>>> print(open('protein-v5.txt').read())   # compact mmCIF, C-alpha atoms (C1' of nucleotides)
# COMPACT_ATOMS: atom_id res chain seq x y z
CA MET Y 98 0.00 0.00 0.00
CA ASP Y 99 1.17 3.46 -0.93
CA ARG Y 100 0.69 5.03 2.37
CA GLU Y 101 2.26 2.24 4.32
CA ASP Y 102 5.25 2.19 2.06
CA LEU Y 103 5.77 5.85 2.52
CA ILE Y 104 5.54 5.57 6.23
CA SER Y 105 7.84 2.61 6.37
CA ARG Y 106 10.45 4.25 4.27
CA GLU Y 107 10.46 7.50 6.13
CA PHE Y 108 10.44 5.74 9.44
CA LEU Y 109 13.39 3.63 8.58
CA ALA Y 110 15.27 6.57 7.22
CA ARG Y 111 14.93 8.24 10.57
CA GLY Y 112 16.07 5.20 12.44
CA TYR Y 113 12.65 4.24 13.75
CA LYS Y 114 11.30 0.75 13.47
CA VAL Y 115 7.97 -0.23 12.04
CA THR Y 116 6.35 -2.28 14.75
CA LYS Y 117 2.89 -3.75 14.92
CA GLN Y 118 2.08 -1.41 17.78
CA ARG Y 119 2.85 1.61 15.65
CA ARG Y 120 0.91 0.25 12.74
CA ALA Y 121 -1.99 -0.42 15.06
CA ILE Y 122 -2.10 3.19 16.22
CA LEU Y 123 -2.09 4.52 12.68
CA SER Y 124 -4.71 2.00 11.67
CA VAL Y 125 -7.04 2.88 14.52
CA LEU Y 126 -6.69 6.59 13.84
CA ASP Y 127 -7.25 6.00 10.16
CA LYS Y 128 -10.50 4.20 10.81
CA SER Y 129 -11.84 6.76 13.24
CA GLU Y 130 -14.06 9.58 12.12
CA HIS Y 131 -12.95 11.79 14.93
CA PRO Y 132 -9.81 12.43 16.95
CA LEU Y 133 -9.11 9.96 19.74
CA THR Y 134 -7.54 10.17 23.17
CA ALA Y 135 -4.58 8.02 24.04
CA GLU Y 136 -6.83 5.75 26.02
CA ASP Y 137 -9.37 5.47 23.19
CA ILE Y 138 -6.60 4.31 20.95
CA TYR Y 139 -5.37 1.79 23.48
CA LEU Y 140 -8.84 0.35 24.00
CA ARG Y 141 -9.52 0.07 20.29
CA ILE Y 142 -6.27 -1.72 19.71
CA ARG Y 143 -7.17 -4.19 22.43
CA ALA Y 144 -10.66 -4.56 21.01
CA GLU Y 145 -9.14 -5.66 17.74
CA ASN Y 146 -7.19 -8.32 19.59
CA ASN Y 147 -3.93 -6.62 19.00
CA VAL Y 148 -1.53 -6.11 21.84
CA SER Y 149 -0.19 -2.91 23.21
CA SER Y 150 0.06 -1.11 26.48
CA LEU Y 151 -1.06 2.36 27.35
CA ALA Y 152 2.55 3.33 27.98
CA THR Y 153 3.48 2.22 24.50
CA VAL Y 154 0.61 4.16 23.02
CA TYR Y 155 1.82 7.28 24.77
CA ARG Y 156 5.40 6.72 23.72
CA ASN Y 157 4.44 6.12 20.14
CA LEU Y 158 2.04 9.01 19.95
CA LYS Y 159 4.92 11.21 20.96
CA THR Y 160 7.09 9.69 18.28
CA LEU Y 161 4.39 9.99 15.66
CA VAL Y 162 3.71 13.60 16.55
CA ASP Y 163 7.41 14.38 16.41
CA THR Y 164 7.71 12.81 13.01
CA GLY Y 165 4.61 14.56 11.79
CA TYR Y 166 2.32 11.63 11.08
CA VAL Y 167 -0.07 12.46 13.84
CA VAL Y 168 -1.21 15.79 15.14
CA LYS Y 169 -2.75 16.79 18.38
CA ALA Y 170 -6.27 18.06 18.22
CA GLY Y 171 -8.12 19.44 21.14
CA LEU Y 172 -8.41 23.16 20.76
CA PHE Y 173 -11.96 23.09 21.91
CA GLU Y 174 -11.96 19.73 23.65
CA ASP Y 175 -11.38 18.98 27.29
CA LYS Y 176 -8.91 16.25 26.59
CA VAL Y 177 -5.96 15.94 24.30
CA ARG Y 178 -6.92 14.00 21.22
CA TYR Y 179 -4.91 12.79 18.31
CA ARG Y 180 -5.64 12.40 14.66
CA LEU Y 181 -3.75 11.45 11.55
CA GLN Y 182 -2.02 14.12 9.61
CA ASN Y 183 -3.34 12.73 6.37
CA ASP Y 184 -1.80 15.34 4.23
CA PRO Y 185 1.15 17.56 4.91
CA HIS Y 186 -1.28 20.42 4.78
CA THR Y 187 -4.89 19.71 5.58
CA HIS Y 188 -7.52 21.51 7.58
CA ASN Y 189 -10.71 20.07 8.89
CA LEU Y 190 -14.28 20.94 9.55
CA ILE Y 191 -15.09 19.55 12.96
CA CYS Y 192 -18.67 18.94 13.97
CA LEU Y 193 -19.40 20.10 17.49
CA GLY Y 194 -22.40 17.81 17.54
CA CYS Y 195 -21.08 14.39 16.59
CA LYS Y 196 -17.35 15.19 16.56
CA LYS Y 197 -17.13 14.06 12.96
CA VAL Y 198 -14.15 15.46 11.10
CA ILE Y 199 -14.51 16.51 7.49
CA PRO Y 200 -11.24 17.29 5.76
CA LEU Y 201 -11.10 20.32 3.51
CA SER Y 202 -9.51 19.77 0.16
CA THR Y 203 -7.89 23.15 0.09
CA CYS Y 204 -6.20 25.40 2.57
CA PRO Y 205 -8.35 28.48 3.03
CA LEU Y 206 -5.21 30.47 3.64
CA ASN Y 207 -3.57 29.35 0.43
CA CYS Y 208 -0.16 30.87 0.36
CA LEU Y 209 -1.39 33.95 2.10
CA GLY Y 210 0.01 32.64 5.35
CA GLU Y 211 3.61 33.10 4.46
CA THR Y 212 3.20 36.80 3.84
CA LEU Y 213 1.11 37.44 6.89
CA GLY Y 214 3.82 38.23 9.37
CA GLU Y 215 5.76 40.52 7.09
CA LYS Y 216 4.96 43.79 8.69
CA GLU Y 217 5.90 42.41 12.09
CA GLY Y 218 9.19 41.10 10.74
CA PHE Y 219 7.92 37.64 11.53
CA THR Y 220 8.78 34.62 9.42
CA VAL Y 221 5.78 32.35 9.26
CA THR Y 222 6.79 28.74 8.88
CA GLY Y 223 3.44 27.14 9.39
CA HIS Y 224 -0.01 27.36 10.79
CA LYS Y 225 -2.67 25.22 12.32
CA MET Y 226 -6.32 25.79 11.89
CA GLU Y 227 -9.51 24.03 12.71
CA LEU Y 228 -12.95 25.13 11.65
CA TYR Y 229 -15.86 24.03 13.67
CA GLY Y 230 -19.60 24.11 13.58
CA TYR Y 231 -22.33 21.61 12.82
CA CYS Y 232 -22.58 19.06 10.08
CA PHE Y 233 -25.76 18.70 8.09
CA GLU Y 234 -27.14 15.88 10.21
CA CYS Y 235 -26.47 17.54 13.52
CA GLU Y 236 -27.70 20.88 12.31
CA HIS Y 237 -31.04 19.28 11.53
CA LYS Y 238 -31.38 17.10 14.56
CA GLY Y 239 -33.58 18.96 16.98
CA ASP Y 240 -31.92 18.09 20.24
CA GLN Y 241 -28.21 17.70 20.09
CA ILE Y 242 -26.57 16.16 23.10
CA ASN Y 243 -23.30 17.94 22.71
CA ARG Y 244 -24.59 21.38 22.04
CA LYS Y 245 -24.15 23.60 25.03
CA MET T 263 -10.66 50.77 33.03
CA ASP T 264 -12.45 49.87 29.86
CA ARG T 265 -11.48 46.31 29.74
CA GLU T 266 -12.15 45.66 33.38
CA ASP T 267 -15.52 47.32 33.15
CA LEU T 268 -16.48 45.19 30.26
CA ILE T 269 -15.43 42.06 32.02
CA SER T 270 -17.18 43.02 35.21
CA ARG T 271 -20.40 43.81 33.48
CA GLU T 272 -20.47 40.68 31.41
CA PHE T 273 -19.48 38.56 34.32
CA LEU T 274 -22.20 39.92 36.50
CA ALA T 275 -24.75 39.56 33.77
CA ARG T 276 -23.97 35.89 33.62
CA GLY T 277 -24.21 35.47 37.35
CA TYR T 278 -20.50 35.16 37.97
CA LYS T 279 -18.73 37.17 40.60
CA VAL T 280 -15.67 39.30 40.09
CA THR T 281 -13.19 38.05 42.65
CA LYS T 282 -9.60 39.00 43.23
CA GLN T 283 -8.56 35.51 42.19
CA ARG T 284 -10.24 35.90 38.83
CA ARG T 285 -8.78 39.34 38.34
CA ALA T 286 -5.38 37.96 39.23
CA ILE T 287 -5.57 35.31 36.53
CA LEU T 288 -6.53 37.82 33.88
CA SER T 289 -3.84 40.18 35.06
CA VAL T 290 -1.12 37.56 34.95
CA LEU T 291 -2.16 36.43 31.50
CA ASP T 292 -2.32 40.01 30.34
CA LYS T 293 1.23 40.65 31.44
CA SER T 294 2.65 37.53 29.89
CA GLU T 295 4.13 37.52 26.43
CA HIS T 296 3.33 33.88 25.94
CA PRO T 297 0.65 31.41 26.96
CA LEU T 298 0.95 30.00 30.46
CA THR T 299 0.16 26.70 32.09
CA ALA T 300 -2.20 26.51 35.02
CA GLU T 301 0.75 26.11 37.32
CA ASP T 302 2.62 29.06 35.78
CA ILE T 303 -0.38 31.19 36.51
CA TYR T 304 -0.64 29.95 40.06
CA LEU T 305 3.04 30.59 40.75
CA ARG T 306 2.94 34.07 39.28
CA ILE T 307 -0.06 34.99 41.35
CA ARG T 308 1.78 33.84 44.45
CA ALA T 309 4.90 35.69 43.37
CA GLU T 310 2.88 38.88 43.31
CA ASN T 311 1.80 38.22 46.86
CA ASN T 312 -1.74 37.55 45.88
CA VAL T 313 -3.50 34.50 47.18
CA SER T 314 -5.02 31.69 45.27
CA SER T 315 -4.82 27.96 45.14
CA LEU T 316 -4.08 25.75 42.20
CA ALA T 317 -7.56 24.30 42.45
CA THR T 318 -9.04 27.76 42.17
CA VAL T 319 -6.88 28.55 39.19
CA TYR T 320 -8.14 25.43 37.47
CA ARG T 321 -11.73 26.16 38.35
CA ASN T 322 -11.48 29.72 37.14
CA LEU T 323 -9.64 28.86 33.98
CA LYS T 324 -12.53 26.61 33.15
CA THR T 325 -14.97 29.39 33.85
CA LEU T 326 -12.96 31.89 31.84
CA VAL T 327 -12.66 29.53 28.91
CA ASP T 328 -16.38 28.83 29.01
CA THR T 329 -17.15 32.51 29.02
CA GLY T 330 -14.68 33.17 26.26
CA TYR T 331 -12.19 35.43 28.01
CA VAL T 332 -9.42 32.91 27.88
CA VAL T 333 -8.54 30.37 25.25
CA LYS T 334 -6.52 27.25 25.41
CA ALA T 335 -3.36 27.22 23.39
CA GLY T 336 -1.17 24.25 22.99
CA LEU T 337 -1.45 22.99 19.46
CA PHE T 338 2.27 22.59 19.22
CA GLU T 339 3.13 22.57 22.89
CA ASP T 340 3.52 19.63 25.21
CA LYS T 341 1.33 21.10 27.88
CA VAL T 342 -1.99 22.85 27.87
CA ARG T 343 -1.45 26.56 28.06
CA TYR T 344 -3.84 29.43 28.36
CA ARG T 345 -3.87 32.91 26.99
CA LEU T 346 -6.22 35.84 26.95
CA GLN T 347 -8.73 36.11 24.22
CA ASN T 348 -7.99 39.78 23.77
CA ASP T 349 -10.46 40.27 21.06
CA PRO T 350 -13.51 38.21 20.25
CA HIS T 351 -11.70 37.31 17.06
CA THR T 352 -7.93 37.45 17.13
CA HIS T 353 -5.22 35.26 15.74
CA ASN T 354 -1.62 35.23 16.76
CA LEU T 355 1.81 34.82 15.38
CA ILE T 356 3.65 32.57 17.79
CA CYS T 357 7.40 32.51 17.84
CA LEU T 358 8.79 29.00 18.08
CA GLY T 359 12.02 30.46 19.36
CA CYS T 360 11.07 32.62 22.30
CA LYS T 361 7.37 31.74 22.52
CA LYS T 362 6.44 35.36 22.11
CA VAL T 363 2.90 35.91 20.87
CA ILE T 364 2.20 38.68 18.39
CA PRO T 365 -1.48 39.34 17.78
CA LEU T 366 -2.65 39.93 14.25
CA SER T 367 -4.90 42.87 13.76
CA THR T 368 -7.00 41.15 11.15
CA CYS T 369 -8.37 37.69 10.62
CA PRO T 370 -6.67 36.21 7.57
CA LEU T 371 -9.82 34.29 6.85
CA ASN T 372 -12.01 37.36 6.97
CA CYS T 373 -15.54 36.23 6.42
CA LEU T 374 -14.39 33.49 4.11
CA GLY T 375 -14.72 31.01 6.93
CA GLU T 376 -18.44 31.05 7.04
CA THR T 377 -18.79 29.98 3.43
CA LEU T 378 -16.12 27.34 3.63
CA GLY T 379 -18.20 24.39 4.61
CA GLU T 380 -20.99 25.05 2.20
CA LYS T 381 -20.38 22.30 -0.26
CA GLU T 382 -20.19 19.77 2.56
CA GLY T 383 -23.45 21.03 4.00
CA PHE T 384 -21.51 22.10 7.04
CA THR T 385 -22.40 25.19 9.04
CA VAL T 386 -19.21 26.83 10.22
CA THR T 387 -19.72 28.63 13.49
CA GLY T 388 -16.13 29.43 14.25
CA HIS T 389 -12.51 28.62 13.77
CA LYS T 390 -9.26 28.64 15.61
CA MET T 391 -5.97 29.33 14.03
CA GLU T 392 -2.42 29.88 15.13
CA LEU T 393 0.42 30.87 12.88
CA TYR T 394 3.90 30.03 13.97
CA GLY T 395 7.42 30.68 12.92
CA TYR T 396 10.23 32.90 14.13
CA CYS T 397 10.18 36.50 15.17
CA PHE T 398 12.79 38.90 13.90
CA GLU T 399 15.07 38.52 16.89
CA CYS T 400 14.98 34.75 16.95
CA GLU T 401 15.36 34.52 13.20
CA HIS T 402 18.58 36.44 13.45
CA LYS T 403 20.00 34.76 16.50
CA GLY T 404 22.42 32.16 15.25
CA ASP T 405 21.77 29.39 17.73
CA GLN T 406 18.24 29.11 18.89
CA ILE T 407 17.63 26.93 21.90
CA ASN T 408 14.13 26.00 21.03
CA ARG T 409 14.60 25.21 17.40
CA LYS T 410 14.48 21.49 16.80
C1' DA P 236 -28.50 37.46 53.96
C1' DT P 237 -27.49 34.15 50.10
C1' DG P 238 -25.26 31.60 47.39
C1' DC P 239 -21.20 31.59 44.50
C1' DG P 240 -16.23 31.16 45.20
C1' DT P 241 -12.25 29.64 47.84
C1' DG P 242 -8.64 26.89 50.18
C1' DC P 243 -7.21 22.66 51.66
C1' DA P 244 -6.46 17.97 51.35
C1' DA P 245 -7.70 13.86 49.21
C1' DA P 246 -9.16 11.51 45.03
C1' DA P 247 -9.23 10.71 40.38
C1' DT P 248 -6.90 11.10 35.85
C1' DA P 249 -3.36 11.41 32.79
C1' DT P 250 1.35 10.78 31.52
C1' DT P 251 6.14 9.31 32.19
C1' DT P 252 9.80 6.25 33.47
C1' DG P 253 13.00 2.17 35.07
C1' DC P 254 13.89 -2.23 34.03
C1' DA P 255 14.27 -6.72 31.90
C1' DC P 256 12.97 -8.93 27.92
C1' DA P 257 11.42 -9.11 22.78
C1' DC P 258 11.93 -8.29 18.15
C1' DG P 259 12.87 -5.58 13.72
C1' DG P 260 16.49 -4.57 10.57
C1' DC G 144 23.70 -9.55 16.77
C1' DC G 145 22.48 -4.64 18.24
C1' DG G 146 19.88 -1.26 19.59
C1' DT G 147 15.27 0.28 19.49
C1' DG G 148 10.72 -0.87 21.20
C1' DT G 149 7.66 -3.15 24.54
C1' DG G 150 5.04 -4.49 28.75
C1' DC G 151 4.53 -4.06 33.43
C1' DA G 152 4.35 -1.67 37.54
C1' DA G 153 5.65 2.18 40.02
C1' DA G 154 6.44 7.06 39.99
C1' DT G 155 4.96 11.71 38.54
C1' DA G 156 2.20 15.11 36.92
C1' DT G 157 -2.15 17.05 36.10
C1' DT G 158 -6.86 18.01 37.08
C1' DT G 159 -11.06 17.39 39.80
C1' DT G 160 -13.84 17.22 43.95
C1' DG G 161 -15.96 17.29 48.91
C1' DC G 162 -16.40 20.14 52.53
C1' DA G 163 -16.58 24.03 55.62
C1' DC G 164 -15.86 28.72 55.60
C1' DG G 165 -15.52 33.57 53.32
C1' DC G 166 -16.79 37.26 50.53
C1' DA G 167 -19.15 39.72 46.51
C1' DT G 168 -23.58 41.28 45.40
>>> encode(input="protein-v5.txt", output="structure tokens")
Amino acid sequence: MDREDLISREFLARGYKVTKQRRAILSVLDKSEHPLTAEDIYLRIRAENNVSSLATVYRNLKTLVDTGYVVKAGLFEDKVRYRLQNDPHTHNLICLGCKKVIPLSTCPLNCLGETLGEKEGFTVTGHKMELYGYCFECEHKGDQINRK
Amino acid sequence: MDREDLISREFLARGYKVTKQRRAILSVLDKSEHPLTAEDIYLRIRAENNVSSLATVYRNLKTLVDTGYVVKAGLFEDKVRYRLQNDPHTHNLICLGCKKVIPLSTCPLNCLGETLGEKEGFTVTGHKMELYGYCFECEHKGDQINRK
DNA sequence: ATGCGTGCAAAATATTTGCACACGG
DNA sequence: CCGTGTGCAAATATTTTGCACGCAT
């Protein structure tokens, strides 16, 4: 598989090993519609009859975040959650109702970002952005549990 | 003071009280160039000879986040940090070198955001964005501690 | 006066780490 | 084989909560 190959190659190049625990984390995140906590990930791995420990999940999440495959989400959440960085530059629409994440195909900032700091003498190297609101289904459900 | 008045009035209107502990948190955040952890805030309050407890800081941070005066930052940090929401709609340039936060006067998204989700049937109610990079000073310092 | 807010200490959560063994390259 | 990765359990760190008292309105 494309994706797996890429990951394997880059991982190896950096001196990291491709273990079943690391694959399991990526797989679980890939299958999830919304960002997961470390414990969520651990429980799902166990539920699939794969082995791992919470400590390993934490250690690997750190590694995966460092290497850029996973990003932290949780700007408006209580807990720290993680999701795949599917694309080197993707932003998401996040539903406050069902927590569903809908990736945007384009970056609303385009290349604008890099020129933004100019007048402050600031060199912008990146940005993170999440848009949130309500997806069609949640918008049209009368009573939404998660709406405050 | 303008700002204080505003806060007082809104707080009262919502049934919250304006206590010295809450003022202290806002004051400490206001004076800081970069986002602070709950413990940072607690220690700085103590350092200024004001009283508070860590539990109170946590409780009030929650209140202040709920009411929109403070926002969580920590997209690229290890720990959850808090900063003032100076304006109902502000974005910041965050220096990866010295952690300095430079507010942008305009929202790069403008009103674009609200139309972004349209084709997905998604109603965008808000967004959060942080731009990061290096401020002038850090860019021109040869060896930067915090650069990976 | 009333009830929200506070401090303290304890509890509950979340995350990290030491160590001996396992396994990928 | 070698060194990174893992599991377990213990150690830390972080956040929440019960309770009695205090203070803002």
>>> interface_residues(input="protein-v5.txt", of="chain T", to="chain G", cutoff="12 Å", atoms="all atoms listed in the file", output="mmCIF file with C-alpha atoms, in the coordinates of the input")
data_model
loop_
_atom_site.group_PDB
_atom_site.id
_atom_site.type_symbol
_atom_site.label_atom_id
_atom_site.label_comp_id
_atom_site.auth_asym_id
_atom_site.auth_seq_id
_atom_site.Cartn_x
_atom_site.Cartn_y
_atom_site.Cartn_z
ATOM 1 C CA SER T 270 -17.180 43.020 35.210
ATOM 2 C CA LEU T 274 -22.200 39.920 36.500
ATOM 3 C CA ALA T 275 -24.750 39.560 33.770
ATOM 4 C CA GLY T 277 -24.210 35.470 37.350
ATOM 5 C CA TYR T 278 -20.500 35.160 37.970
ATOM 6 C CA LYS T 279 -18.730 37.170 40.600
ATOM 7 C CA VAL T 280 -15.670 39.300 40.090
ATOM 8 C CA THR T 281 -13.190 38.050 42.650
ATOM 9 C CA LYS T 282 -9.600 39.000 43.230
ATOM 10 C CA GLN T 283 -8.560 35.510 42.190
ATOM 11 C CA THR T 299 0.160 26.700 32.090
ATOM 12 C CA ALA T 300 -2.200 26.510 35.020
ATOM 13 C CA GLU T 301 0.750 26.110 37.320
ATOM 14 C CA LEU T 316 -4.080 25.750 42.200
ATOM 15 C CA ALA T 317 -7.560 24.300 42.450
ATOM 16 C CA THR T 318 -9.040 27.760 42.170
ATOM 17 C CA VAL T 319 -6.880 28.550 39.190
ATOM 18 C CA TYR T 320 -8.140 25.430 37.470
ATOM 19 C CA ARG T 321 -11.730 26.160 38.350
ATOM 20 C CA LEU T 323 -9.640 28.860 33.980
ATOM 21 C CA LYS T 324 -12.530 26.610 33.150
ATOM 22 C CA LYS T 341 1.330 21.100 27.880
ATOM 23 C CA VAL T 342 -1.990 22.850 27.870
#
>>> axis_aligned_box(input="protein-v5.txt", around="stretch 150-153 of chain G", padding_each_side="8 Å", output="lines of an AutoDock Vina configuration file")
center_x = 5.0
center_y = -1.2
center_z = 34.4
size_x = 17.3
size_y = 22.7
size_z = 27.3
>>> closest_residue(input="protein-v5.txt", among="T:Val313, T:Ala286, T:Leu393, T:Ile364", to="chain P", atoms="only C-alpha atoms (C1' of nucleotides)")
T:Val313
>>> closest_atom_pairs(input="protein-v5.txt", of="chain T", to="chain Y", cutoff="6 Å", atoms="only C-alpha atoms", output="CSV")
residue,atom,partner,partner_atom,distance
T:Gly383,CA,Y:Phe233,CA,5.2
T:Phe384,CA,Y:Cys232,CA,4.4
T:Thr385,CA,Y:Tyr231,CA,5.2
T:Val386,CA,Y:Gly230,CA,4.3
T:Thr387,CA,Y:Gly230,CA,4.5
T:Gly388,CA,Y:Tyr229,CA,5.4
T:His389,CA,Y:Leu228,CA,4.1
T:Lys390,CA,Y:Glu227,CA,5.5
T:Met391,CA,Y:Met226,CA,4.2
T:Glu392,CA,Y:Lys225,CA,5.4
T:Leu393,CA,Y:His224,CA,4.1
T:Tyr394,CA,Y:Gly223,CA,5.4
T:Gly395,CA,Y:Val221,CA,4.3
T:Tyr396,CA,Y:Thr220,CA,5.2
T:Cys397,CA,Y:Phe219,CA,4.4
T:Phe398,CA,Y:Gly218,CA,5.3
>>> write_last_selection(input="protein-v5.txt", atoms="C-alpha atoms", output="short mmCIF file (atom, residue, chain, number, x, y, z; two decimals), keeping the file's coordinate frame")
data_model
loop_
_atom_site.label_atom_id
_atom_site.label_comp_id
_atom_site.auth_asym_id
_atom_site.auth_seq_id
_atom_site.Cartn_x
_atom_site.Cartn_y
_atom_site.Cartn_z
CA GLY T 383 -23.45 21.03 4.00
CA PHE T 384 -21.51 22.10 7.04
CA THR T 385 -22.40 25.19 9.04
CA VAL T 386 -19.21 26.83 10.22
CA THR T 387 -19.72 28.63 13.49
CA GLY T 388 -16.13 29.43 14.25
CA HIS T 389 -12.51 28.62 13.77
CA LYS T 390 -9.26 28.64 15.61
CA MET T 391 -5.97 29.33 14.03
CA GLU T 392 -2.42 29.88 15.13
CA LEU T 393 0.42 30.87 12.88
CA TYR T 394 3.90 30.03 13.97
CA GLY T 395 7.42 30.68 12.92
CA TYR T 396 10.23 32.90 14.13
CA CYS T 397 10.18 36.50 15.17
CA PHE T 398 12.79 38.90 13.90
#
>>> atom_distance(input="protein-v5.txt", atom1="atom CA of T:Gly330", atom2="atom CA of T:Val363")
18.6 Å
>>> atom_distance(input="protein-v5.txt", atom1="atom CA of Y:Leu123", atom2="atom C1' of P:DA249")
21.3 Å
>>> interface_residues(input="protein-v5.txt", of="chain P", to="chain T", cutoff="8 Å", atoms="all atoms listed in the file", output="number ranges by chain")
P: 239-242
>>> atom_distance(input="protein-v5.txt", atom1="atom CA of T:His296", atom2="atom CA of T:Glu310")
18.1 Å
